[in-house]
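Trainee: My structure is in coords10.cif, and what it holds is mmCIF, C-alpha atoms (C1' of nucleotides):
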data_query
#
loop_
_atom_site.label_atom_id
_atom_site.label_comp_id
_atom_site.auth_asym_id
_atom_site.auth_seq_id
_atom_site.Cartn_x
_atom_site.Cartn_y
_atom_site.Cartn_z
CA MET A 1 -52.87 92.32 189.43
CA ASN A 2 -55.55 89.66 189.39
CA CYS A 3 -55.91 87.98 192.77
CA ASP A 4 -59.02 85.93 192.05
CA THR A 5 -57.20 82.62 191.87
CA ILE A 6 -55.28 83.01 195.09
CA ILE A 7 -58.28 84.35 197.00
CA SER A 8 -60.52 81.54 195.82
CA ASN A 9 -57.76 79.07 196.63
CA ILE A 10 -57.39 80.36 200.17
CA SER A 11 -61.14 80.49 200.58
CA LYS A 12 -61.28 76.75 200.27
CA VAL A 13 -59.52 76.62 203.62
CA VAL A 14 -60.40 79.82 205.49
CA GLN A 15 -63.07 82.42 204.87
CA LEU A 16 -61.45 85.83 204.26
CA ASN A 17 -63.22 89.11 204.94
CA GLN A 18 -62.72 92.29 202.93
CA ASN A 19 -59.89 93.62 205.13
CA GLU A 20 -57.96 90.41 205.09
CA ALA A 21 -58.25 90.00 201.34
CA GLU A 22 -57.17 93.60 200.79
CA PHE A 23 -54.23 93.24 203.12
CA LEU A 24 -53.09 90.15 201.28
CA GLU A 25 -53.41 91.89 197.92
CA SER A 26 -51.43 94.85 199.23
CA ILE A 27 -48.37 92.73 200.01
CA LEU A 28 -48.34 90.45 196.97
CA ILE A 29 -46.09 91.34 194.07
CA SER A 30 -46.82 90.34 190.50
CA ARG A 31 -43.94 88.68 188.68
CA PRO A 32 -44.62 87.63 185.09
CA PHE A 33 -42.24 85.10 183.54
CA LYS A 34 -41.42 83.78 180.07
CA GLN A 35 -40.90 80.26 178.84
CA GLY A 36 -37.47 79.04 179.89
CA GLU A 37 -36.91 82.03 182.19
CA VAL A 38 -35.20 81.36 185.51
CA ILE A 39 -37.35 82.86 188.25
CA VAL A 40 -35.23 81.91 191.26
CA LYS A 41 -31.69 80.69 190.87
CA ASN A 42 -29.68 78.18 192.87
CA GLY A 43 -27.30 80.15 195.10
CA GLU A 44 -29.58 83.14 195.80
CA PRO A 45 -31.30 83.52 199.15
CA ALA A 46 -34.97 82.57 198.84
CA ARG A 47 -36.80 85.81 199.37
CA TYR A 48 -40.31 84.75 198.44
CA LEU A 49 -42.95 82.15 198.66
CA MET A 50 -44.53 82.04 195.21
CA PHE A 51 -48.07 81.35 194.15
CA VAL A 52 -48.56 80.26 190.55
CA ASN A 53 -51.23 82.54 189.12
CA SER A 54 -50.98 81.22 185.57
CA GLY A 55 -48.71 78.97 183.52
CA PHE A 56 -46.45 76.09 184.49
CA LEU A 57 -43.09 75.98 186.19
CA MET A 58 -40.66 73.52 187.67
CA THR A 59 -38.20 73.44 190.54
CA TYR A 60 -35.02 71.38 190.48
CA PHE A 61 -31.80 71.04 192.42
CA THR A 62 -28.31 70.33 191.24
CA ASP A 63 -26.40 67.68 193.21
CA LYS A 64 -22.66 67.51 193.95
CA GLY A 65 -22.08 65.55 190.77
CA GLY A 66 -23.71 68.33 188.74
CA ALA A 67 -26.82 66.31 187.90
CA ASP A 68 -30.20 68.05 188.03
CA HIS A 69 -33.12 66.52 189.89
CA VAL A 70 -36.61 67.88 189.29
CA ILE A 71 -38.40 68.17 192.62
CA GLN A 72 -41.71 69.63 191.57
CA PHE A 73 -43.79 70.69 188.64
CA ALA A 74 -46.32 73.35 189.48
CA SER A 75 -49.36 74.74 187.72
CA GLU A 76 -51.97 77.36 188.53
CA GLY A 77 -52.96 77.38 192.18
CA TRP A 78 -49.76 75.85 193.57
CA TRP A 79 -47.36 77.31 196.07
CA VAL A 80 -43.68 77.05 195.25
CA GLY A 81 -40.65 78.01 197.25
CA ASP A 82 -37.65 76.72 199.14
CA ILE A 83 -38.93 76.68 202.70
CA HIS A 84 -35.54 75.66 203.98
CA SER A 85 -33.90 78.72 202.58
CA LEU A 86 -36.88 80.83 203.68
CA SER A 87 -36.84 79.73 207.28
CA LYS A 88 -33.10 79.38 207.83
CA GLU A 89 -32.19 82.34 205.61
CA THR A 90 -29.61 80.27 203.79
CA HIS A 91 -29.03 80.32 200.06
CA THR A 92 -31.39 78.10 198.15
CA GLN A 93 -30.17 74.95 196.44
CA PHE A 94 -33.14 75.03 194.12
CA THR A 95 -33.73 76.64 190.76
CA THR A 96 -37.23 77.55 189.58
CA LYS A 97 -37.89 77.99 185.89
CA GLY A 98 -40.90 78.74 183.70
CA LEU A 99 -42.10 75.99 181.35
CA CYS A 100 -44.25 78.46 179.44
CA ASP A 101 -45.21 82.12 179.82
CA GLY A 102 -47.05 82.82 183.04
CA GLU A 103 -47.21 84.79 186.26
CA VAL A 104 -46.35 84.16 189.88
CA LEU A 105 -47.45 86.23 192.86
CA LEU A 106 -44.59 86.83 195.27
CA LEU A 107 -45.13 86.78 199.01
CA PRO A 108 -41.95 88.31 200.47
CA ARG A 109 -40.57 86.71 203.60
CA SER A 110 -40.88 89.86 205.66
CA ALA A 111 -44.53 90.29 204.69
CA GLN A 112 -45.13 86.66 205.56
CA ASN A 113 -44.48 87.11 209.24
CA GLN A 114 -46.50 90.29 209.23
CA LEU A 115 -49.36 88.42 207.61
CA PHE A 116 -49.26 85.71 210.26
CA GLU A 117 -49.10 88.12 213.14
CA VAL A 118 -51.90 90.39 212.01
CA TYR A 119 -54.24 87.70 210.82
CA ALA A 120 -54.05 84.30 212.47
CA LYS A 121 -56.22 82.95 209.67
CA PHE A 122 -53.26 83.00 207.35
CA GLU A 123 -51.15 81.06 209.77
CA HIS A 124 -53.96 78.53 209.82
CA TYR A 125 -54.13 78.50 206.04
CA PHE A 126 -50.42 77.87 205.71
CA ARG A 127 -50.46 75.22 208.42
CA ILE A 128 -53.07 73.36 206.36
CA THR A 129 -51.19 74.02 203.14
CA PHE A 130 -47.91 72.65 204.50
CA GLN A 131 -49.78 69.72 205.93
CA ASN A 132 -51.19 68.95 202.50
CA SER A 133 -47.80 69.33 200.86
CA LEU A 134 -46.40 66.91 203.36
CA LEU A 135 -49.11 64.45 202.43
CA ARG A 136 -48.40 64.73 198.73
CA GLN A 137 -44.70 64.37 199.36
CA GLN A 138 -45.29 61.28 201.47
CA PHE A 139 -47.54 59.85 198.81
CA ARG A 140 -44.98 60.48 196.11
CA PHE A 141 -42.36 58.79 198.23
CA ILE A 142 -44.51 55.72 198.73
CA GLU A 143 -45.26 55.64 195.03
CA THR A 144 -41.58 55.73 194.19
CA TYR A 145 -40.84 52.81 196.41
CA SER A 146 -43.72 50.57 195.50
CA GLN A 147 -43.89 51.09 191.73
CA SER A 148 -41.62 50.52 188.76
CA ALA A 149 -40.44 53.36 186.55
CA GLU A 150 -43.01 52.40 183.93
CA GLU A 151 -45.88 52.54 186.41
CA ARG A 152 -44.65 55.86 187.74
CA TYR A 153 -44.54 57.31 184.25
CA GLN A 154 -48.10 56.22 183.58
CA ALA A 155 -49.23 57.68 186.88
CA PHE A 156 -47.44 60.90 185.99
CA ILE A 157 -49.12 61.43 182.63
CA ALA A 158 -52.46 60.57 184.21
CA ALA A 159 -51.92 63.08 187.03
CA TYR A 160 -50.32 65.90 185.01
CA PRO A 161 -51.60 65.61 181.44
CA LYS A 162 -51.02 69.31 180.80
CA ILE A 163 -47.54 69.51 182.26
CA GLU A 164 -46.52 66.55 180.11
CA GLN A 165 -47.06 68.79 177.09
CA TYR A 166 -44.87 71.60 178.38
CA ALA A 167 -42.02 69.81 180.10
CA PRO A 168 -39.29 68.25 177.95
CA GLN A 169 -38.87 64.50 178.40
CA LYS A 170 -35.51 65.03 179.99
CA GLN A 171 -37.10 66.83 182.94
CA ILE A 172 -39.91 64.34 183.28
CA ALA A 173 -37.30 61.59 183.45
CA SER A 174 -35.51 63.55 186.14
CA TYR A 175 -38.75 63.98 188.08
CA LEU A 176 -39.38 60.25 187.87
CA GLY A 177 -35.84 59.51 188.99
CA ILE A 178 -34.69 57.79 185.80
CA THR A 179 -32.42 58.64 182.87
CA PRO A 180 -33.88 60.24 179.71
CA GLN A 181 -32.69 57.24 177.70
CA PHE A 182 -34.63 54.90 179.88
CA LEU A 183 -37.76 57.03 179.67
CA SER A 184 -37.45 56.97 175.91
CA LYS A 185 -37.38 53.18 176.03
CA ILE A 186 -40.41 53.07 178.29
CA ARG A 187 -42.33 55.33 175.92
CA LYS A 188 -41.38 53.16 172.96
CA LYS A 189 -42.55 50.06 174.76
CA LEU A 190 -45.87 51.65 175.75
CA ALA A 191 -46.43 52.92 172.19
CA GLU A 192 -45.81 49.44 170.79
CA GLU A 193 -48.20 47.87 173.25
CA ALA A 194 -50.99 50.29 172.38
CA MET B 1 -47.48 62.27 233.22
CA ASN B 2 -44.18 63.94 232.50
CA CYS B 3 -44.50 66.75 230.00
CA ASP B 4 -40.99 68.17 230.27
CA THR B 5 -39.86 66.84 226.91
CA ILE B 6 -42.81 68.12 224.94
CA ILE B 7 -42.79 71.52 226.66
CA SER B 8 -39.08 71.99 226.08
CA ASN B 9 -39.54 70.85 222.50
CA ILE B 10 -42.30 73.36 221.83
CA SER B 11 -40.35 76.06 223.61
CA LYS B 12 -37.71 75.88 220.93
CA VAL B 13 -40.30 77.35 218.58
CA VAL B 14 -42.74 79.39 220.69
CA GLN B 15 -42.53 80.62 224.26
CA LEU B 16 -45.38 79.15 226.31
CA ASN B 17 -46.76 80.84 229.42
CA GLN B 18 -48.13 78.99 232.46
CA ASN B 19 -51.72 78.91 231.16
CA GLU B 20 -50.79 77.61 227.77
CA ALA B 21 -48.55 74.89 229.15
CA GLU B 22 -51.23 73.83 231.60
CA PHE B 23 -53.88 73.77 228.93
CA LEU B 24 -51.68 71.58 226.77
CA GLU B 25 -50.99 69.20 229.64
CA SER B 26 -54.70 68.98 230.38
CA ILE B 27 -55.55 67.65 226.93
CA LEU B 28 -52.63 65.25 226.44
CA ILE B 29 -53.16 61.58 227.21
CA SER B 30 -50.35 59.29 228.27
CA ARG B 31 -50.12 56.04 226.32
CA PRO B 32 -47.32 53.69 227.36
CA PHE B 33 -46.38 50.95 224.89
CA LYS B 34 -44.34 47.74 224.91
CA GLN B 35 -41.79 46.43 222.46
CA GLY B 36 -43.58 45.05 219.40
CA GLU B 37 -46.93 46.50 220.46
CA VAL B 38 -49.12 47.97 217.74
CA ILE B 39 -50.12 51.47 218.81
CA VAL B 40 -52.23 52.43 215.80
CA LYS B 41 -53.34 49.87 213.29
CA ASN B 42 -53.89 50.11 209.55
CA GLY B 43 -57.65 50.37 208.96
CA GLU B 44 -58.53 52.35 212.06
CA PRO B 45 -59.40 56.04 211.83
CA ALA B 46 -56.43 58.13 213.03
CA ARG B 47 -57.67 59.72 216.21
CA TYR B 48 -54.46 61.22 217.50
CA LEU B 49 -51.33 63.04 216.73
CA MET B 50 -48.66 61.38 218.85
CA PHE B 51 -45.59 62.82 220.51
CA VAL B 52 -42.86 60.32 221.40
CA ASN B 53 -42.04 60.94 225.04
CA SER B 54 -39.65 58.01 225.39
CA GLY B 55 -38.59 54.97 223.39
CA PHE B 56 -38.54 54.26 219.67
CA LEU B 57 -41.26 53.44 217.24
CA MET B 58 -41.86 53.01 213.54
CA THR B 59 -44.64 53.66 211.07
CA TYR B 60 -45.18 51.58 207.95
CA PHE B 61 -47.82 51.04 205.32
CA THR B 62 -48.88 47.89 203.54
CA ASP B 63 -49.25 48.17 199.76
CA LYS B 64 -51.74 46.39 197.50
CA GLY B 65 -49.30 43.52 197.03
CA GLY B 66 -49.15 43.02 200.80
CA ALA B 67 -45.58 44.32 201.12
CA ASP B 68 -44.74 46.57 204.06
CA HIS B 69 -42.91 49.84 203.56
CA VAL B 70 -41.41 51.61 206.56
CA ILE B 71 -42.11 55.32 206.28
CA GLN B 72 -40.60 56.65 209.45
CA PHE B 73 -38.62 55.70 212.51
CA ALA B 74 -39.24 58.01 215.46
CA SER B 75 -37.48 58.59 218.73
CA GLU B 76 -37.99 60.88 221.70
CA GLY B 77 -39.18 64.35 220.69
CA TRP B 78 -40.77 63.38 217.37
CA TRP B 79 -44.35 63.79 216.26
CA VAL B 80 -45.98 60.82 214.59
CA GLY B 81 -49.38 60.43 213.01
CA ASP B 82 -51.24 60.00 209.77
CA ILE B 83 -52.17 63.55 208.91
CA HIS B 84 -54.15 62.39 205.92
CA SER B 85 -56.42 60.29 208.05
CA LEU B 86 -56.52 63.04 210.66
CA SER B 87 -57.60 65.80 208.31
CA LYS B 88 -59.85 63.83 205.97
CA GLU B 89 -61.23 61.58 208.70
CA THR B 90 -60.55 58.51 206.60
CA HIS B 91 -59.12 55.27 207.89
CA THR B 92 -55.38 55.28 208.14
CA GLN B 93 -53.25 53.15 205.84
CA PHE B 94 -50.42 53.24 208.32
CA THR B 95 -49.48 51.04 211.24
CA THR B 96 -47.41 52.36 214.14
CA LYS B 97 -45.53 49.93 216.33
CA GLY B 98 -43.16 50.15 219.30
CA LEU B 99 -39.55 49.07 218.75
CA CYS B 100 -38.94 49.00 222.50
CA ASP B 101 -40.91 49.91 225.62
CA GLY B 102 -41.81 53.59 225.73
CA GLU B 103 -44.53 56.19 225.97
CA VAL B 104 -46.37 58.45 223.57
CA LEU B 105 -48.48 61.47 224.46
CA LEU B 106 -51.73 61.52 222.52
CA LEU B 107 -53.17 64.75 221.20
CA PRO B 108 -56.75 63.86 220.20
CA ARG B 109 -58.05 65.40 217.01
CA SER B 110 -60.89 67.21 218.72
CA ALA B 111 -58.52 68.77 221.24
CA GLN B 112 -56.24 69.79 218.42
CA ASN B 113 -58.69 72.20 216.90
CA GLN B 114 -59.55 73.51 220.34
CA LEU B 115 -55.86 74.09 220.97
CA PHE B 116 -55.46 76.04 217.76
CA GLU B 117 -58.49 78.19 218.34
CA VAL B 118 -57.73 79.11 221.92
CA TYR B 119 -54.02 79.67 221.50
CA ALA B 120 -52.75 80.80 218.12
CA LYS B 121 -49.25 79.98 219.31
CA PHE B 122 -49.92 76.31 218.86
CA GLU B 123 -51.10 76.82 215.33
CA HIS B 124 -47.83 78.62 214.75
CA TYR B 125 -45.89 75.80 216.37
CA PHE B 126 -47.54 73.18 214.20
CA ARG B 127 -47.13 75.28 211.07
CA ILE B 128 -43.39 75.33 211.77
CA THR B 129 -43.36 71.66 212.68
CA PHE B 130 -45.10 70.60 209.49
CA GLN B 131 -42.82 72.87 207.54
CA ASN B 132 -39.80 71.12 209.06
CA SER B 133 -41.26 67.69 208.40
CA LEU B 134 -41.77 68.69 204.81
CA LEU B 135 -38.13 69.70 204.61
CA ARG B 136 -36.93 66.41 206.03
CA GLN B 137 -39.20 64.50 203.72
CA GLN B 138 -37.92 66.47 200.74
CA PHE B 139 -34.37 65.86 201.81
CA ARG B 140 -34.96 62.15 202.18
CA PHE B 141 -36.48 62.07 198.74
CA ILE B 142 -33.49 63.78 197.20
CA GLU B 143 -31.17 61.44 199.05
CA THR B 144 -33.00 58.42 197.71
CA TYR B 145 -32.64 59.59 194.16
CA SER B 146 -29.06 60.70 194.25
CA GLN B 147 -27.46 57.93 196.32
CA SER B 148 -26.96 54.19 196.01
CA ALA B 149 -28.42 51.77 198.54
CA GLU B 150 -25.01 51.37 200.16
CA GLU B 151 -24.62 55.12 200.65
CA ARG B 152 -28.14 55.38 202.01
CA TYR B 153 -27.46 52.64 204.52
CA GLN B 154 -24.32 54.37 205.73
CA ALA B 155 -26.18 57.66 206.01
CA PHE B 156 -28.89 55.86 207.95
CA ILE B 157 -26.62 54.34 210.59
CA ALA B 158 -24.84 57.67 210.93
CA ALA B 159 -28.13 59.54 211.39
CA TYR B 160 -29.93 57.00 213.59
CA PRO B 161 -27.26 55.04 215.49
CA LYS B 162 -29.69 54.24 218.29
CA ILE B 163 -32.57 53.17 216.12
CA GLU B 164 -30.27 50.82 214.25
CA GLN B 165 -29.94 48.86 217.49
CA TYR B 166 -33.67 48.50 218.02
CA ALA B 167 -35.03 48.00 214.52
CA PRO B 168 -34.65 44.58 212.87
CA GLN B 169 -32.68 44.61 209.63
CA LYS B 170 -35.77 43.71 207.70
CA GLN B 171 -37.40 47.01 208.63
CA ILE B 172 -34.29 49.02 207.98
CA ALA B 173 -34.14 47.46 204.53
CA SER B 174 -37.77 48.43 204.03
CA TYR B 175 -37.05 52.00 205.13
CA LEU B 176 -34.15 52.18 202.69
CA GLY B 177 -36.32 50.79 199.91
CA ILE B 178 -34.34 47.59 199.36
CA THR B 179 -34.82 43.88 200.10
CA PRO B 180 -33.49 42.41 203.37
CA GLN B 181 -31.28 40.05 201.36
CA PHE B 182 -29.63 42.93 199.62
CA LEU B 183 -29.08 44.78 202.89
CA SER B 184 -27.44 41.67 204.28
CA LYS B 185 -25.06 41.66 201.31
CA ILE B 186 -24.27 45.36 201.76
CA ARG B 187 -23.48 44.77 205.43
CA LYS B 188 -21.24 41.85 204.56
CA LYS B 189 -19.36 43.94 202.02
CA LEU B 190 -18.92 46.83 204.46
CA ALA B 191 -17.73 44.46 207.18
CA GLU B 192 -15.17 42.93 204.82
CA GLU B 193 -13.87 46.34 203.77
CA ALA B 194 -13.40 47.45 207.36
"C1'" DC C 1 -35.88 20.69 222.18
"C1'" DG C 2 -38.85 22.16 218.39
"C1'" DT C 3 -41.00 25.90 216.01
"C1'" DC C 4 -41.07 30.31 214.01
"C1'" DT C 5 -39.01 34.09 212.10
"C1'" DA C 6 -34.88 36.72 210.78
"C1'" DT C 7 -30.57 36.63 208.52
"C1'" DT C 8 -27.12 34.86 205.41
"C1'" DT C 9 -25.53 32.90 201.17
"C1'" DG C 10 -25.58 31.60 196.30
"C1'" DA C 11 -27.27 31.44 191.55
"C1'" DA C 12 -30.04 33.23 188.04
"C1'" DT C 13 -32.66 37.16 186.47
"C1'" DG C 14 -34.34 41.76 185.63
"C1'" DT C 15 -34.48 46.57 185.90
"C1'" DA C 16 -32.35 50.54 185.02
"C1'" DC C 17 -27.74 52.72 183.88
"C1'" DT C 18 -23.55 54.04 181.09
"C1'" DC C 19 -21.46 54.89 176.97
"C1'" DA C 20 -21.67 55.75 172.25
"C1'" DA C 21 -23.70 57.00 168.12
"C1'" DA C 22 -27.43 58.21 165.10
"C1'" DA C 23 -31.58 60.69 164.16
"C1'" DG C 24 -34.76 64.57 164.86
"C1'" DC C 25 -35.80 69.40 165.61
"C1'" DG C 26 -35.59 74.33 166.15
"C1'" DG C 27 -33.14 78.34 165.48
"C1'" DT C 28 -29.61 81.25 163.13
"C1'" DG C 29 -26.95 83.16 159.64
"C1'" DG C 30 -25.14 83.17 155.07
"C1'" DC D 1 -34.02 78.83 151.43
"C1'" DC D 2 -30.83 75.81 153.01
"C1'" DA D 3 -26.75 74.50 155.69
"C1'" DC D 4 -25.12 74.21 160.03
"C1'" DC D 5 -25.13 74.25 165.03
"C1'" DG D 6 -26.68 72.87 169.50
"C1'" DC D 7 -29.75 70.32 172.05
"C1'" DT D 8 -33.10 66.61 172.80
"C1'" DT D 9 -34.61 62.13 171.75
"C1'" DT D 10 -33.92 57.53 170.03
"C1'" DT D 11 -31.49 53.21 169.56
"C1'" DG D 12 -28.20 49.58 170.64
"C1'" DA D 13 -24.68 47.08 173.22
"C1'" DG D 14 -22.68 46.03 177.36
"C1'" DT D 15 -22.80 46.53 182.45
"C1'" DA D 16 -24.02 47.23 187.29
"C1'" DC D 17 -27.11 47.44 190.87
"C1'" DA D 18 -30.72 45.26 193.03
"C1'" DT D 19 -34.24 41.49 192.93
"C1'" DT D 20 -36.20 36.82 193.09
"C1'" DC D 21 -36.04 32.25 194.37
"C1'" DA D 22 -34.25 28.71 197.05
"C1'" DA D 23 -31.87 26.79 200.72
"C1'" DA D 24 -28.94 26.86 204.70
"C1'" DT D 25 -27.96 28.97 209.18
"C1'" DA D 26 -28.79 31.50 213.24
"C1'" DG D 27 -31.69 33.50 217.04
"C1'" DA D 28 -35.70 34.04 219.87
"C1'" DC D 29 -39.33 32.08 222.43
"C1'" DG D 30 -42.27 28.80 224.52
#
Using the file provided, produce a representation of the structure as C-alpha cells.

Mentor:
Amino acid sequence: MNCDTIISNISKVVQLNQNEAEFLESILISRPFKQGEVIVKNGEPARYLMFVNSGFLMTYFTDKGGADHVIQFASEGWWVGDIHSLSKETHTQFTTKGLCDGEVLLLPRSAQNQLFEVYAKFEHYFRITFQNSLLRQQFRFIETYSQSAEERYQAFIAAYPKIEQYAPQKQIASYLGITPQFLSKIRKKLAEEA
Amino acid sequence: MNCDTIISNISKVVQLNQNEAEFLESILISRPFKQGEVIVKNGEPARYLMFVNSGFLMTYFTDKGGADHVIQFASEGWWVGDIHSLSKETHTQFTTKGLCDGEVLLLPRSAQNQLFEVYAKFEHYFRITFQNSLLRQQFRFIETYSQSAEERYQAFIAAYPKIEQYAPQKQIASYLGITPQFLSKIRKKLAEEA
DNA sequence: CGTCTATTTGAATGTACTCAAAAGCGGTGG
DNA sequence: CCACCGCTTTTGAGTACATTCAAATAGACG
C-alpha cells in the first residue's frame, strides 16, 4: 500500500514523525475500485472515512422522489465519507461510486477515535480538514445562489477539467442542480457562441 | 460575564474540569450588541470566532453585483464567524449584524490556538463542531436543490419560528435564495390557503 | 407630518423544467 | 459483422416557477 499521497497531504497541515506515520499506515486499509463500482451503498452504515489515493469518484444521495443528487466529485487527495452516518452511527443516505479505476484508503471508524486519542495531531489535522470542507461547501452554496446555471457550468469545467472527462453529463447536471436536458442546451449554446 | 450557556454547550461534547472552564472564561470577551448593529463588517479581517450568548443575529455577504445574500441566522448557543478569514488571515467578505439586542462572546484568533495547544479537548470540541456545521450546511444544500421555494419557506418557519419574528422578510427571502417580492407572493398564497 | 425603507400587487419576461421523441453510442449475441 | 438493446444525449414544444420592473401601500422613525 502506497501512503505517499496521504502522508504528504497531511504534512501540509501537521508535521508527522516516524511513529505517527507508521501508526497511520498500520490502520489504513487499501480498497481498489473499478469504473462504475459502488464503493459504499445507500442504506449501509458508514464504516469508513475514505481518502482517494488515485482515480475519481462521486457521492450522491437519492431523495424521496427517487431522484439522485450528486453531492461531491472527488479526485486524488480528497477525503470522502458520510460524517453524519459516521458520527451518529445511522445508515448512510449516500452512495459512493467510482468514475474510473482507482484506489481509496479506508480509515475505519473505530481506528479513527484511537488515532485521535493517541495522537492529538490527527485531531488537529481533521479539525482543519473539516474546517476547509465547510469553507468549500459554503463557497459552493454562495455560488449556487449568485450565479446562473450557465455560469455554474463554466465554473465547474474550469475547476474540475479532469472530472468533466470522466463523469457523464447526467451526473454533472445533477451536481449543478439542473436537468440533463437543460445542461445539453447550455452546452449547445456555449458551443455555438465559441 | 455569564458563561453558563457556552460551558453547558461545550459539555454536551467534552467534559470540562474546573481549570479548563476557567481558562476558557479567562480568554473570552463579552461583546453586547444592539438591534441593527453591525458586529463584524465586510472588509475587516476576522479577528474572532463568536458564540451567541443571547439574542439573534445574521451573517450575509455582498456579491460583485452588490446584492446581499444571507448565509446564516444564529440564535443562542451558535458559533458564528468567517473561518476563511480566520484561517487565511484575509479580510472577511461577510457582515454580521444583530437582529435584536443581545451578546456574543468573542474568542480571539490568537487565544484560539493557545486554547487548542494547552487543552486538546477544545480541539476535539471544535473538530466536532465544525463537523456538525458541515452536516447542516450539506443538509441545507440538499434541501435547496430538492425543494421548491414554497417548501423551503415552510421548512424555515418550522425550523426557526423565533428568528422569523426578528428578521425582516427581505432577509428571509435572501436566506431562501429568492426575491422579497416572490416571498410576499408565497406568503399571500399560504395565507389564502389557510 | 414627511421621509425612508419594507412590503404588496400586477404585468411582462426569463430561466429552467416536463414531456415526448429522435439520435447517438457502446455492448452483446446471433 | 451487423442487428438489436439499453442508456445517454440532443432537440423541440409547451409550461411552471421565479424574476424584473414599476407602482401603490404600509410601517417605522425623526

Trainee: Give me the result of the PyMOL selection byres ((chain D) within 9 of (chain A)) on this file, residue by residue, as a ChimeraX atom specification.

Mentor: /D:8-11

Trainee: Out of C:DC1, C:DA11, C:DA21, C:DA6, which residue has the shortest atom-to-atom distance to chain B when counting only C-alpha atoms (C1' of nucleotides)?

Mentor: C:DA6

Trainee: Please measure the separation of CA of Thr5 (chain A) and CA of Glu117 (chain A), giving the value in Å to one decimal.

Mentor: 23.4 Å

Trainee: Using all atoms listed in the file, what does the table of chain B residues within 10 Å of chain A look like, with each row giving the shortest atom pair and its distance in Å to one decimal, sorted by chain and ascending number, as JSON lines?

Mentor:
{"residue": "B:Phe61", "atom": "CA", "partner": "A:Ile142", "partner_atom": "CA", "distance": 8.7}
{"residue": "B:Thr62", "atom": "CA", "partner": "A:Ser146", "partner_atom": "CA", "distance": 9.9}
{"residue": "B:Asp63", "atom": "CA", "partner": "A:Ser146", "partner_atom": "CA", "distance": 7.4}
{"residue": "B:Lys64", "atom": "CA", "partner": "A:Ser146", "partner_atom": "CA", "distance": 9.3}
{"residue": "B:Gly65", "atom": "CA", "partner": "A:Ser146", "partner_atom": "CA", "distance": 9.1}
{"residue": "B:Ala67", "atom": "CA", "partner": "A:Ser146", "partner_atom": "CA", "distance": 8.6}
{"residue": "B:Asp68", "atom": "CA", "partner": "A:Ser146", "partner_atom": "CA", "distance": 9.5}
{"residue": "B:His69", "atom": "CA", "partner": "A:Ile142", "partner_atom": "CA", "distance": 7.8}
{"residue": "B:Val70", "atom": "CA", "partner": "A:Ile142", "partner_atom": "CA", "distance": 9.4}
{"residue": "B:Ile71", "atom": "CA", "partner": "A:Ile142", "partner_atom": "CA", "distance": 7.9}
{"residue": "B:Asp82", "atom": "CA", "partner": "A:Leu135", "partner_atom": "CA", "distance": 8.8}
{"residue": "B:Ile83", "atom": "CA", "partner": "A:Leu135", "partner_atom": "CA", "distance": 7.2}
{"residue": "B:His84", "atom": "CA", "partner": "A:Leu135", "partner_atom": "CA", "distance": 6.5}
{"residue": "B:Ser87", "atom": "CA", "partner": "A:Ile128", "partner_atom": "CA", "distance": 9.0}
{"residue": "B:Phe116", "atom": "CA", "partner": "A:His124", "partner_atom": "CA", "distance": 8.5}
{"residue": "B:Glu117", "atom": "CA", "partner": "A:Ala120", "partner_atom": "CA", "distance": 9.6}
{"residue": "B:Ala120", "atom": "CA", "partner": "A:Ala120", "partner_atom": "CA", "distance": 6.8}
{"residue": "B:Lys121", "atom": "CA", "partner": "A:Ala120", "partner_atom": "CA", "distance": 9.4}
{"residue": "B:Glu123", "atom": "CA", "partner": "A:His124", "partner_atom": "CA", "distance": 6.4}
{"residue": "B:His124", "atom": "CA", "partner": "A:Glu123", "partner_atom": "CA", "distance": 6.5}
{"residue": "B:Tyr125", "atom": "CA", "partner": "A:Arg127", "partner_atom": "CA", "distance": 9.2}
{"residue": "B:Phe126", "atom": "CA", "partner": "A:Arg127", "partner_atom": "CA", "distance": 6.8}
{"residue": "B:Arg127", "atom": "CA", "partner": "A:Arg127", "partner_atom": "CA", "distance": 4.3}
{"residue": "B:Ile128", "atom": "CA", "partner": "A:Arg127", "partner_atom": "CA", "distance": 7.8}
{"residue": "B:Thr129", "atom": "CA", "partner": "A:Arg127", "partner_atom": "CA", "distance": 9.0}
{"residue": "B:Phe130", "atom": "CA", "partner": "A:Gln131", "partner_atom": "CA", "distance": 5.9}
{"residue": "B:Gln131", "atom": "CA", "partner": "A:Phe130", "partner_atom": "CA", "distance": 5.9}
{"residue": "B:Asn132", "atom": "CA", "partner": "A:His84", "partner_atom": "CA", "distance": 8.0}
{"residue": "B:Ser133", "atom": "CA", "partner": "A:Leu134", "partner_atom": "CA", "distance": 7.2}
{"residue": "B:Leu134", "atom": "CA", "partner": "A:Leu134", "partner_atom": "CA", "distance": 5.2}
{"residue": "B:Leu135", "atom": "CA", "partner": "A:His84", "partner_atom": "CA", "distance": 6.5}
{"residue": "B:Arg136", "atom": "CA", "partner": "A:His84", "partner_atom": "CA", "distance": 9.6}
{"residue": "B:Gln137", "atom": "CA", "partner": "A:Gln137", "partner_atom": "CA", "distance": 7.0}
{"residue": "B:Gln138", "atom": "CA", "partner": "A:Gln137", "partner_atom": "CA", "distance": 7.2}
{"residue": "B:Arg140", "atom": "CA", "partner": "A:Phe141", "partner_atom": "CA", "distance": 9.0}
{"residue": "B:Phe141", "atom": "CA", "partner": "A:Phe141", "partner_atom": "CA", "distance": 6.8}
{"residue": "B:Ile142", "atom": "CA", "partner": "A:His69", "partner_atom": "CA", "distance": 7.8}
{"residue": "B:Glu143", "atom": "CA", "partner": "A:Asp63", "partner_atom": "CA", "distance": 9.8}
{"residue": "B:Thr144", "atom": "CA", "partner": "A:Gly177", "partner_atom": "CA", "distance": 9.2}
{"residue": "B:Tyr145", "atom": "CA", "partner": "A:Gly177", "partner_atom": "CA", "distance": 6.1}
{"residue": "B:Ser146", "atom": "CA", "partner": "A:Asp63", "partner_atom": "CA", "distance": 7.5}
{"residue": "B:Ser174", "atom": "CA", "partner": "A:Tyr145", "partner_atom": "CA", "distance": 9.3}
{"residue": "B:Tyr175", "atom": "CA", "partner": "A:Tyr145", "partner_atom": "CA", "distance": 9.5}
{"residue": "B:Leu176", "atom": "CA", "partner": "A:Tyr145", "partner_atom": "CA", "distance": 9.2}
{"residue": "B:Gly177", "atom": "CA", "partner": "A:Tyr145", "partner_atom": "CA", "distance": 6.1}
{"residue": "B:Ile178", "atom": "CA", "partner": "A:Tyr145", "partner_atom": "CA", "distance": 8.8}
